Amino acid sequence: MDNKGRVTLPAQLRQQLDLYPGAEIEFLVKEGGEWYLRRADSQPSCRYCGLQVDLVTIGRDTLCRRCAEKYYRALAQKLGLGEVGASGNLNNKKGKLR
Ligand SMILES: [Zn+2]
């Protein structure tokens, strides 16, 4: 990385990933601090684990169902709503996440 924060992707990688000047690249930080780049115009994927199937959109986030449930469980705990999903509650309401 240079002192302006720019990163050069090796030509071989650009070719392999079909990246061309002007391609939109997205920088994503996963839970736990792991991060990665992806094409912004690529298939939508879960912002936490990168899964590309069984996705739900919550606000501006795209999550897979598994992470969405985890996210809601954490949120419920934070709000003091107790263990949502611990008894399978959330599983029975999957449709609501759509
Ligand atoms: Zn996920």
# chains A, B, ... in the order shown; residues from 1 in each chain; ligands from 1

call {"tool": "residues_near_ligand", "arguments": {"ligand": "ligand 1", "cutoff": "6 Å", "atoms": "only C-alpha atoms and all ligand atoms", "output": "ChimeraX atom specification"}}
result
/A:46,48-49,51,63-64,66-67

call {"tool": "select_by_dssp", "arguments": {"residues": "chain A", "states": "strand (DSSP E or B)", "output": "PyMOL selection string"}}
result
chain A and resi 25-29+35-39+55-58+61-64

call {"tool": "select_by_dssp", "arguments": {"residues": "range 5-76 of chain A", "states": "helix (DSSP H, G or I)", "output": "VMD selection string"}}
result
chain A and resid 11 to 16 65 to 76

call {"tool": "write_last_selection", "arguments": {"atoms": "N, CA, C and O atoms", "output": "PDB file, in the first residue's frame"}}
result
ATOM      1  N   ALA A  11      -1.307  -7.998 -11.885  1.00  0.00           N
ATOM      2  CA  ALA A  11      -1.978  -8.155 -13.179  1.00  0.00           C
ATOM      3  C   ALA A  11      -2.626  -9.528 -13.323  1.00  0.00           C
ATOM      4  O   ALA A  11      -3.744  -9.645 -13.836  1.00  0.00           O
ATOM      5  N   GLN A  12      -1.933 -10.544 -12.862  1.00  0.00           N
ATOM      6  CA  GLN A  12      -2.457 -11.907 -13.001  1.00  0.00           C
ATOM      7  C   GLN A  12      -3.780 -12.069 -12.254  1.00  0.00           C
ATOM      8  O   GLN A  12      -4.720 -12.694 -12.727  1.00  0.00           O
ATOM      9  N   LEU A  13      -3.834 -11.446 -11.075  1.00  0.00           N
ATOM     10  CA  LEU A  13      -5.053 -11.508 -10.260  1.00  0.00           C
ATOM     11  C   LEU A  13      -6.192 -10.744 -10.937  1.00  0.00           C
ATOM     12  O   LEU A  13      -7.330 -11.205 -10.985  1.00  0.00           O
ATOM     13  N   ARG A  14      -5.851  -9.573 -11.483  1.00  0.00           N
ATOM     14  CA  ARG A  14      -6.874  -8.767 -12.170  1.00  0.00           C
ATOM     15  C   ARG A  14      -7.477  -9.537 -13.333  1.00  0.00           C
ATOM     16  O   ARG A  14      -8.682  -9.512 -13.565  1.00  0.00           O
ATOM     17  N   GLN A  15      -6.600 -10.237 -14.034  1.00  0.00           N
ATOM     18  CA  GLN A  15      -7.040 -11.016 -15.186  1.00  0.00           C
ATOM     19  C   GLN A  15      -7.943 -12.169 -14.730  1.00  0.00           C
ATOM     20  O   GLN A  15      -9.021 -12.381 -15.252  1.00  0.00           O
ATOM     21  N   GLN A  16      -7.470 -12.842 -13.698  1.00  0.00           N
ATOM     22  CA  GLN A  16      -8.188 -13.994 -13.169  1.00  0.00           C
ATOM     23  C   GLN A  16      -9.573 -13.591 -12.676  1.00  0.00           C
ATOM     24  O   GLN A  16     -10.541 -14.319 -12.829  1.00  0.00           O
ATOM     25  N   ARG A  65     -29.507 -16.258   6.042  1.00  0.00           N
ATOM     26  CA  ARG A  65     -30.474 -16.518   7.088  1.00  0.00           C
ATOM     27  C   ARG A  65     -29.808 -16.852   8.431  1.00  0.00           C
ATOM     28  O   ARG A  65     -30.246 -16.431   9.481  1.00  0.00           O
ATOM     29  N   ARG A  66     -28.727 -17.618   8.332  1.00  0.00           N
ATOM     30  CA  ARG A  66     -28.022 -18.037   9.544  1.00  0.00           C
ATOM     31  C   ARG A  66     -27.480 -16.820  10.297  1.00  0.00           C
ATOM     32  O   ARG A  66     -27.654 -16.683  11.496  1.00  0.00           O
ATOM     33  N   CYS A  67     -26.811 -15.914   9.556  1.00  0.00           N
ATOM     34  CA  CYS A  67     -26.249 -14.725  10.199  1.00  0.00           C
ATOM     35  C   CYS A  67     -27.361 -13.794  10.653  1.00  0.00           C
ATOM     36  O   CYS A  67     -27.230 -13.130  11.676  1.00  0.00           O
ATOM     37  N   ALA A  68     -28.475 -13.735   9.884  1.00  0.00           N
ATOM     38  CA  ALA A  68     -29.591 -12.878  10.271  1.00  0.00           C
ATOM     39  C   ALA A  68     -30.136 -13.332  11.613  1.00  0.00           C
ATOM     40  O   ALA A  68     -30.443 -12.512  12.483  1.00  0.00           O
ATOM     41  N   GLU A  69     -30.235 -14.637  11.785  1.00  0.00           N
ATOM     42  CA  GLU A  69     -30.743 -15.153  13.056  1.00  0.00           C
ATOM     43  C   GLU A  69     -29.775 -14.837  14.190  1.00  0.00           C
ATOM     44  O   GLU A  69     -30.176 -14.457  15.286  1.00  0.00           O
ATOM     45  N   LYS A  70     -28.467 -14.991  13.887  1.00  0.00           N
ATOM     46  CA  LYS A  70     -27.450 -14.678  14.877  1.00  0.00           C
ATOM     47  C   LYS A  70     -27.535 -13.191  15.254  1.00  0.00           C
ATOM     48  O   LYS A  70     -27.497 -12.815  16.414  1.00  0.00           O
ATOM     49  N   TYR A  71     -27.692 -12.362  14.212  1.00  0.00           N
ATOM     50  CA  TYR A  71     -27.752 -10.919  14.366  1.00  0.00           C
ATOM     51  C   TYR A  71     -28.940 -10.527  15.232  1.00  0.00           C
ATOM     52  O   TYR A  71     -28.819  -9.730  16.151  1.00  0.00           O
ATOM     53  N   TYR A  72     -30.079 -11.144  14.977  1.00  0.00           N
ATOM     54  CA  TYR A  72     -31.263 -10.822  15.747  1.00  0.00           C
ATOM     55  C   TYR A  72     -31.173 -11.309  17.182  1.00  0.00           C
ATOM     56  O   TYR A  72     -31.663 -10.675  18.094  1.00  0.00           O
ATOM     57  N   ARG A  73     -30.532 -12.437  17.340  1.00  0.00           N
ATOM     58  CA  ARG A  73     -30.343 -12.962  18.683  1.00  0.00           C
ATOM     59  C   ARG A  73     -29.479 -11.999  19.487  1.00  0.00           C
ATOM     60  O   ARG A  73     -29.780 -11.658  20.612  1.00  0.00           O
ATOM     61  N   ALA A  74     -28.378 -11.529  18.866  1.00  0.00           N
ATOM     62  CA  ALA A  74     -27.477 -10.599  19.533  1.00  0.00           C
ATOM     63  C   ALA A  74     -28.194  -9.293  19.841  1.00  0.00           C
ATOM     64  O   ALA A  74     -28.046  -8.724  20.921  1.00  0.00           O
ATOM     65  N   LEU A  75     -28.987  -8.840  18.882  1.00  0.00           N
ATOM     66  CA  LEU A  75     -29.726  -7.592  19.050  1.00  0.00           C
ATOM     67  C   LEU A  75     -30.733  -7.721  20.182  1.00  0.00           C
ATOM     68  O   LEU A  75     -30.860  -6.847  21.027  1.00  0.00           O
ATOM     69  N   ALA A  76     -31.428  -8.828  20.216  1.00  0.00           N
ATOM     70  CA  ALA A  76     -32.434  -9.060  21.242  1.00  0.00           C
ATOM     71  C   ALA A  76     -31.784  -9.076  22.625  1.00  0.00           C
ATOM     72  O   ALA A  76     -32.316  -8.530  23.584  1.00  0.00           O
TER      73      ALA A  76
END

call {"tool": "residues_around", "arguments": {"residues": "Leu28 in chain A", "least_positions_apart": "4", "cutoff": "10 Å", "atoms": "only C-alpha atoms", "output": "list in words"}}
result
Gly33, Glu34, Trp35, Tyr36, Leu37, Arg38, Arg47, Tyr48 and Gly50 of chain A

call {"tool": "atom_distance", "arguments": {"atom1": "CA of Arg39 in chain A", "atom2": "CA of Ala23 in chain A"}}
result
7.3 Å

call {"tool": "closest_residue", "arguments": {"among": "A:Lys4, A:Gly80, A:Gly59, A:Ser45", "to": "Lys30 in chain A", "atoms": "only C-alpha atoms"}}
result
A:Ser45
